[in-house]
Amino acid sequence: MKIAVVTGASSGMGRDFVYAVDKEFELDEIWVVARRKERLEELAGSGKCRAKIRPVTLDLSKEESYREYKALLEAEKPEVDVLVNAAGYGLFGTFTEMDVEDQLGIVDVNDKALTAFCGYSLPYMKEGSKIINMGSNSSWQPVPYIAVYAASKAYVLSFSRALGRELKTRGIHVMCVCPGWIKTEFMDRAVHDNTIKYYDRWYTSEQVVEKAMKDLKKKKKVSILGFPVRSQVRLVKLMPTDFVMNTWCRQQGKK
């Protein structure tokens, strides 16, 4: 049985990746992973996909979810052709004014769960299999007032690049998607005050996923939508870190 696994599939980027993967690859099943069971069942019953949609209800902020996924793989023994780690969240605000447990949850979902899903899926992957990890434009720099989220995405980028190099001899390709601002439910959860005020450019989830699938065909290691975002990434690599953070803080009206 050949499958794809997509985390964060209940909405936004994850759901759009489900549609894109189903369109691009010949699969028996797509395992859609998220904590909102009703959203997954809605997706499974929508009839929008060629492959069978199997809801896998897991709360990726909890370590037991990783073990449940591992056990499901051991029981089914599928061939994992595509893994998309799209689950994640962030919180915008001053670190000291936000709940520490909520901040730790960002690391659990964005980093620990992603790492676990890669690790447990790889024994079931063959030459030609693909891993797509969701990074961010924040992956490239420290970002005050989005401190934990940005750091978590820096991990995703670094891990994806290193893992891709290790898996090169096995013929398994790893790509990190690093978009700018996207209008999805992510923002509804992330924004709870006016700490972050300046948003330079918006893209849609569909645009990001479309670009990612094109870049995957080209075997790119990083997918970045939009010339302005790509230009910013190039500049950030050249500029001193303090200058980059100072510029960001001025944009947000901070000292």
# chains A, B, ... in the order shown; residues from 1 in each chain; ligands from 1

call {"tool": "residues_around", "arguments": {"residues": "A:Ile3", "least_positions_apart": "6", "cutoff": "10 Å", "atoms": "only C-alpha atoms", "output": "PDB file with N, CA and C atoms, in the first residue's frame"}}
result
ATOM      1  N   ASP A  22      -2.510  14.597  -3.605  1.00  0.00           N
ATOM      2  CA  ASP A  22      -3.441  13.676  -4.243  1.00  0.00           C
ATOM      3  C   ASP A  22      -3.445  13.868  -5.754  1.00  0.00           C
ATOM      4  N   PHE A  25       0.435  12.653  -7.165  1.00  0.00           N
ATOM      5  CA  PHE A  25       0.977  11.305  -6.999  1.00  0.00           C
ATOM      6  C   PHE A  25      -0.125  10.252  -7.037  1.00  0.00           C
ATOM      7  N   GLU A  26       0.255   9.063  -7.488  1.00  0.00           N
ATOM      8  CA  GLU A  26      -0.665   7.924  -7.492  1.00  0.00           C
ATOM      9  C   GLU A  26      -0.537   7.209  -6.152  1.00  0.00           C
ATOM     10  N   LEU A  27      -1.562   7.329  -5.337  1.00  0.00           N
ATOM     11  CA  LEU A  27      -1.514   6.821  -3.970  1.00  0.00           C
ATOM     12  C   LEU A  27      -2.741   5.974  -3.673  1.00  0.00           C
ATOM     13  N   ASP A  28      -2.548   5.008  -2.783  1.00  0.00           N
ATOM     14  CA  ASP A  28      -3.702   4.227  -2.320  1.00  0.00           C
ATOM     15  C   ASP A  28      -4.457   4.965  -1.220  1.00  0.00           C
ATOM     16  N   GLU A  29      -3.695   5.569  -0.313  1.00  0.00           N
ATOM     17  CA  GLU A  29      -4.319   6.301   0.788  1.00  0.00           C
ATOM     18  C   GLU A  29      -3.515   7.549   1.113  1.00  0.00           C
ATOM     19  N   ILE A  30      -4.192   8.524   1.673  1.00  0.00           N
ATOM     20  CA  ILE A  30      -3.535   9.668   2.297  1.00  0.00           C
ATOM     21  C   ILE A  30      -3.958   9.690   3.751  1.00  0.00           C
ATOM     22  N   TRP A  31      -2.987   9.562   4.616  1.00  0.00           N
ATOM     23  CA  TRP A  31      -3.280   9.627   6.042  1.00  0.00           C
ATOM     24  C   TRP A  31      -3.245  11.090   6.466  1.00  0.00           C
ATOM     25  N   ALA A  51      -7.385   9.450  -3.994  1.00  0.00           N
ATOM     26  CA  ALA A  51      -6.967   8.433  -3.028  1.00  0.00           C
ATOM     27  C   ALA A  51      -7.936   8.376  -1.855  1.00  0.00           C
ATOM     28  N   LYS A  52      -7.960   7.240  -1.189  1.00  0.00           N
ATOM     29  CA  LYS A  52      -8.761   7.114   0.028  1.00  0.00           C
ATOM     30  C   LYS A  52      -8.147   7.988   1.118  1.00  0.00           C
ATOM     31  N   ILE A  53      -8.972   8.747   1.783  1.00  0.00           N
ATOM     32  CA  ILE A  53      -8.504   9.604   2.876  1.00  0.00           C
ATOM     33  C   ILE A  53      -8.745   8.890   4.199  1.00  0.00           C
ATOM     34  N   ARG A  54      -7.668   8.662   4.937  1.00  0.00           N
ATOM     35  CA  ARG A  54      -7.795   8.009   6.242  1.00  0.00           C
ATOM     36  C   ARG A  54      -7.528   9.035   7.348  1.00  0.00           C
ATOM     37  N   PRO A  78       2.939   0.294   5.500  1.00  0.00           N
ATOM     38  CA  PRO A  78       2.752   0.893   4.178  1.00  0.00           C
ATOM     39  C   PRO A  78       4.080   1.335   3.581  1.00  0.00           C
ATOM     40  N   GLU A  79       4.049   1.708   2.325  1.00  0.00           N
ATOM     41  CA  GLU A  79       5.166   2.430   1.717  1.00  0.00           C
ATOM     42  C   GLU A  79       4.817   3.915   1.786  1.00  0.00           C
ATOM     43  N   VAL A  80       5.592   4.664   2.542  1.00  0.00           N
ATOM     44  CA  VAL A  80       5.340   6.098   2.679  1.00  0.00           C
ATOM     45  C   VAL A  80       6.041   6.805   1.529  1.00  0.00           C
ATOM     46  N   ASP A  81       5.266   7.201   0.535  1.00  0.00           N
ATOM     47  CA  ASP A  81       5.843   7.848  -0.644  1.00  0.00           C
ATOM     48  C   ASP A  81       6.096   9.332  -0.398  1.00  0.00           C
ATOM     49  N   VAL A  82       5.193   9.970   0.367  1.00  0.00           N
ATOM     50  CA  VAL A  82       5.314  11.402   0.646  1.00  0.00           C
ATOM     51  C   VAL A  82       4.948  11.660   2.104  1.00  0.00           C
ATOM     52  N   LEU A  83       5.779  12.428   2.781  1.00  0.00           N
ATOM     53  CA  LEU A  83       5.474  12.908   4.131  1.00  0.00           C
ATOM     54  C   LEU A  83       5.480  14.419   4.105  1.00  0.00           C
TER      55      LEU A  83
END

call {"tool": "residues_around", "arguments": {"residues": "stretch 223-235 of chain A", "least_positions_apart": "5", "cutoff": "9 Å", "atoms": "only C-alpha atoms", "output": "list of chain:residue names"}}
result
A:Ser136, A:Asn137, A:Trp140, A:Gln141, A:Met175, A:Cys176, A:Val177, A:Cys178, A:Pro179, A:Gly180, A:Arg201, A:Tyr203, A:Gln207, A:Val208, A:Lys211, A:Ala212, A:Met213, A:Lys214, A:Asp215, A:Leu216

call {"tool": "atom_distance", "arguments": {"atom1": "atom CA of A:Tyr145", "atom2": "atom CA of A:Tyr89"}}
result
14.5 Å

call {"tool": "closest_residue", "arguments": {"among": "A:Ser152, A:Asn246, A:Thr7, A:Ser158", "to": "A:Thr57", "atoms": "only C-alpha atoms"}}
result
A:Thr7

call {"tool": "select_by_dssp", "arguments": {"residues": "stretch 23-212 of chain A", "states": "strand (DSSP E)", "output": "ChimeraX atom specification"}}
result
/A:29-34,52-57,79-85,130-134,173-177,181-182,202-203

call {"tool": "select_by_dssp", "arguments": {"residues": "stretch 58-206 of chain A", "states": "alpha helix (DSSP H)", "output": "number ranges by chain"}}
result
A: 63-76, 100-107, 114-121, 147-167, 185-190, 205-206

call {"tool": "write_last_selection", "arguments": {"atoms": "C-alpha atoms", "output": "compact mmCIF listing (two decimals), in the first residue's frame"}}
result
# COMPACT_ATOMS: atom_id res chain seq x y z
CA GLU A 63 4.37 12.71 22.97
CA GLU A 64 2.01 9.74 23.07
CA SER A 65 0.76 10.79 19.64
CA TYR A 66 4.17 9.96 18.16
CA ARG A 67 3.99 6.45 19.61
CA GLU A 68 0.48 5.99 18.23
CA TYR A 69 1.73 6.94 14.78
CA LYS A 70 4.68 4.54 15.10
CA ALA A 71 2.31 1.73 16.12
CA LEU A 72 0.01 2.43 13.17
CA LEU A 73 2.94 2.19 10.77
CA GLU A 74 4.07 -1.07 12.35
CA ALA A 75 0.59 -2.53 12.03
CA GLU A 76 -0.08 -1.42 8.45
CA VAL A 100 5.46 29.49 29.21
CA GLU A 101 3.52 26.27 28.65
CA ASP A 102 2.02 27.72 25.47
CA GLN A 103 5.52 28.61 24.27
CA LEU A 104 6.76 25.09 25.01
CA GLY A 105 3.82 23.77 23.01
CA ILE A 106 5.17 25.54 19.94
CA VAL A 107 8.42 23.58 20.26
CA LEU A 114 8.07 16.96 12.99
CA THR A 115 11.24 15.17 14.02
CA ALA A 116 9.30 12.17 15.31
CA PHE A 117 7.24 11.84 12.14
CA CYS A 118 10.39 11.95 10.02
CA GLY A 119 12.12 9.39 12.20
CA TYR A 120 9.23 6.95 12.37
CA SER A 121 8.33 7.31 8.66
CA ALA A 147 10.89 34.61 19.43
CA VAL A 148 9.96 30.97 20.08
CA TYR A 149 8.11 30.51 16.79
CA ALA A 150 11.02 31.89 14.77
CA ALA A 151 13.52 29.75 16.67
CA SER A 152 11.36 26.67 16.13
CA LYS A 153 11.33 27.32 12.38
CA ALA A 154 15.09 27.89 12.32
CA TYR A 155 15.34 24.36 13.69
CA VAL A 156 13.08 23.05 10.92
CA LEU A 157 15.23 24.61 8.21
CA SER A 158 18.51 23.41 9.70
CA PHE A 159 17.17 19.91 10.37
CA SER A 160 15.67 19.62 6.88
CA ARG A 161 18.92 20.59 5.17
CA ALA A 162 21.02 18.22 7.23
CA LEU A 163 18.55 15.35 6.93
CA GLY A 164 18.37 15.87 3.18
CA ARG A 165 22.13 15.51 2.92
CA GLU A 166 22.08 12.32 4.98
CA LEU A 167 19.29 10.80 2.88
CA GLU A 185 -6.21 29.99 10.62
CA PHE A 186 -2.62 30.13 11.89
CA MET A 187 -2.98 33.90 12.19
CA ASP A 188 -6.21 33.60 14.18
CA ARG A 189 -4.33 31.70 16.86
CA ALA A 190 -1.04 33.58 16.67
CA SER A 205 -1.98 29.03 1.20
CA GLU A 206 -2.86 27.81 -2.29

call {"tool": "atom_distance", "arguments": {"atom1": "atom CA of A:Val244", "atom2": "atom CA of A:Ser139"}}
result
13.2 Å

call {"tool": "decode", "arguments": {"residues": "stretch 150-239 of chain A", "atoms": "C-alpha atoms", "output": "PDB file, in the first residue's frame"}}
result
ATOM      1  CA  ALA A 150      11.025  31.894  14.766  1.00  0.00           C
ATOM      2  CA  ALA A 151      13.524  29.754  16.665  1.00  0.00           C
ATOM      3  CA  SER A 152      11.365  26.670  16.131  1.00  0.00           C
ATOM      4  CA  LYS A 153      11.325  27.324  12.378  1.00  0.00           C
ATOM      5  CA  ALA A 154      15.093  27.892  12.320  1.00  0.00           C
ATOM      6  CA  TYR A 155      15.341  24.358  13.691  1.00  0.00           C
ATOM      7  CA  VAL A 156      13.081  23.045  10.922  1.00  0.00           C
ATOM      8  CA  LEU A 157      15.231  24.612   8.211  1.00  0.00           C
ATOM      9  CA  SER A 158      18.512  23.405   9.696  1.00  0.00           C
ATOM     10  CA  PHE A 159      17.171  19.907  10.365  1.00  0.00           C
ATOM     11  CA  SER A 160      15.667  19.615   6.881  1.00  0.00           C
ATOM     12  CA  ARG A 161      18.915  20.592   5.174  1.00  0.00           C
ATOM     13  CA  ALA A 162      21.022  18.224   7.233  1.00  0.00           C
ATOM     14  CA  LEU A 163      18.548  15.354   6.927  1.00  0.00           C
ATOM     15  CA  GLY A 164      18.368  15.868   3.180  1.00  0.00           C
ATOM     16  CA  ARG A 165      22.132  15.509   2.916  1.00  0.00           C
ATOM     17  CA  GLU A 166      22.082  12.316   4.985  1.00  0.00           C
ATOM     18  CA  LEU A 167      19.289  10.804   2.885  1.00  0.00           C
ATOM     19  CA  LYS A 168      20.859  11.712  -0.458  1.00  0.00           C
ATOM     20  CA  THR A 169      22.462   8.278  -0.791  1.00  0.00           C
ATOM     21  CA  ARG A 170      19.053   6.651  -0.258  1.00  0.00           C
ATOM     22  CA  GLY A 171      17.452   8.752  -2.979  1.00  0.00           C
ATOM     23  CA  ILE A 172      14.998  10.395  -0.564  1.00  0.00           C
ATOM     24  CA  HIS A 173      14.509  14.109  -1.138  1.00  0.00           C
ATOM     25  CA  VAL A 174      13.837  16.609   1.671  1.00  0.00           C
ATOM     26  CA  MET A 175      12.506  20.101   1.016  1.00  0.00           C
ATOM     27  CA  CYS A 176      11.772  22.894   3.475  1.00  0.00           C
ATOM     28  CA  VAL A 177       9.012  25.374   2.555  1.00  0.00           C
ATOM     29  CA  CYS A 178       9.724  28.883   3.868  1.00  0.00           C
ATOM     30  CA  PRO A 179       6.829  31.236   3.054  1.00  0.00           C
ATOM     31  CA  GLY A 180       6.181  34.800   4.106  1.00  0.00           C
ATOM     32  CA  TRP A 181       2.891  35.994   5.598  1.00  0.00           C
ATOM     33  CA  ILE A 182      -0.007  33.659   4.766  1.00  0.00           C
ATOM     34  CA  LYS A 183      -3.689  34.218   5.484  1.00  0.00           C
ATOM     35  CA  THR A 184      -4.778  31.011   7.255  1.00  0.00           C
ATOM     36  CA  GLU A 185      -6.211  29.995  10.624  1.00  0.00           C
ATOM     37  CA  PHE A 186      -2.622  30.127  11.891  1.00  0.00           C
ATOM     38  CA  MET A 187      -2.982  33.898  12.189  1.00  0.00           C
ATOM     39  CA  ASP A 188      -6.212  33.600  14.177  1.00  0.00           C
ATOM     40  CA  ARG A 189      -4.327  31.699  16.859  1.00  0.00           C
ATOM     41  CA  ALA A 190      -1.040  33.581  16.670  1.00  0.00           C
ATOM     42  CA  VAL A 191      -2.360  37.141  16.918  1.00  0.00           C
ATOM     43  CA  HIS A 192      -3.936  38.006  20.263  1.00  0.00           C
ATOM     44  CA  ASP A 193      -2.916  41.671  20.568  1.00  0.00           C
ATOM     45  CA  ASN A 194      -1.318  44.417  18.479  1.00  0.00           C
ATOM     46  CA  THR A 195       2.306  43.584  19.287  1.00  0.00           C
ATOM     47  CA  ILE A 196       2.922  42.810  15.607  1.00  0.00           C
ATOM     48  CA  LYS A 197       1.535  45.647  13.495  1.00  0.00           C
ATOM     49  CA  TYR A 198       3.442  45.614  10.221  1.00  0.00           C
ATOM     50  CA  TYR A 199       2.800  42.956   7.577  1.00  0.00           C
ATOM     51  CA  ASP A 200       4.526  43.808   4.319  1.00  0.00           C
ATOM     52  CA  ARG A 201       2.952  41.335   1.901  1.00  0.00           C
ATOM     53  CA  TRP A 202       0.333  38.581   2.044  1.00  0.00           C
ATOM     54  CA  TYR A 203       0.145  35.328   0.106  1.00  0.00           C
ATOM     55  CA  THR A 204      -2.478  32.600   0.071  1.00  0.00           C
ATOM     56  CA  SER A 205      -1.980  29.028   1.197  1.00  0.00           C
ATOM     57  CA  GLU A 206      -2.855  27.811  -2.293  1.00  0.00           C
ATOM     58  CA  GLN A 207      -0.101  29.955  -3.823  1.00  0.00           C
ATOM     59  CA  VAL A 208       2.509  28.631  -1.398  1.00  0.00           C
ATOM     60  CA  VAL A 209       1.531  25.003  -1.998  1.00  0.00           C
ATOM     61  CA  GLU A 210       1.475  25.415  -5.772  1.00  0.00           C
ATOM     62  CA  LYS A 211       5.005  26.838  -5.700  1.00  0.00           C
ATOM     63  CA  ALA A 212       6.142  24.091  -3.329  1.00  0.00           C
ATOM     64  CA  MET A 213       4.931  21.334  -5.633  1.00  0.00           C
ATOM     65  CA  LYS A 214       6.716  22.922  -8.605  1.00  0.00           C
ATOM     66  CA  ASP A 215       9.904  23.204  -6.557  1.00  0.00           C
ATOM     67  CA  LEU A 216       9.581  19.606  -5.389  1.00  0.00           C
ATOM     68  CA  LYS A 217       9.617  18.441  -9.017  1.00  0.00           C
ATOM     69  CA  LYS A 218      12.826  20.429  -9.493  1.00  0.00           C
ATOM     70  CA  LYS A 219      14.255  18.781  -6.351  1.00  0.00           C
ATOM     71  CA  LYS A 220      14.890  22.096  -4.689  1.00  0.00           C
ATOM     72  CA  LYS A 221      15.984  21.935  -1.068  1.00  0.00           C
ATOM     73  CA  VAL A 222      14.117  25.103  -0.084  1.00  0.00           C
ATOM     74  CA  SER A 223      10.906  26.532  -1.554  1.00  0.00           C
ATOM     75  CA  ILE A 224      10.271  30.276  -1.228  1.00  0.00           C
ATOM     76  CA  LEU A 225       7.303  31.946  -2.882  1.00  0.00           C
ATOM     77  CA  GLY A 226       7.660  35.508  -4.146  1.00  0.00           C
ATOM     78  CA  PHE A 227      10.569  37.612  -5.346  1.00  0.00           C
ATOM     79  CA  PRO A 228      10.250  40.040  -2.371  1.00  0.00           C
ATOM     80  CA  VAL A 229      10.576  37.184   0.117  1.00  0.00           C
ATOM     81  CA  ARG A 230      13.518  35.629  -1.739  1.00  0.00           C
ATOM     82  CA  SER A 231      15.219  39.020  -1.868  1.00  0.00           C
ATOM     83  CA  GLN A 232      14.717  39.495   1.856  1.00  0.00           C
ATOM     84  CA  VAL A 233      16.256  36.106   2.563  1.00  0.00           C
ATOM     85  CA  ARG A 234      19.336  36.989   0.528  1.00  0.00           C
ATOM     86  CA  LEU A 235      19.744  40.303   2.334  1.00  0.00           C
ATOM     87  CA  VAL A 236      19.283  38.774   5.779  1.00  0.00           C
ATOM     88  CA  LYS A 237      22.148  36.372   5.088  1.00  0.00           C
ATOM     89  CA  LEU A 238      24.484  39.308   4.425  1.00  0.00           C
ATOM     90  CA  MET A 239      23.431  41.738   7.146  1.00  0.00           C
TER      91      MET A 239
END
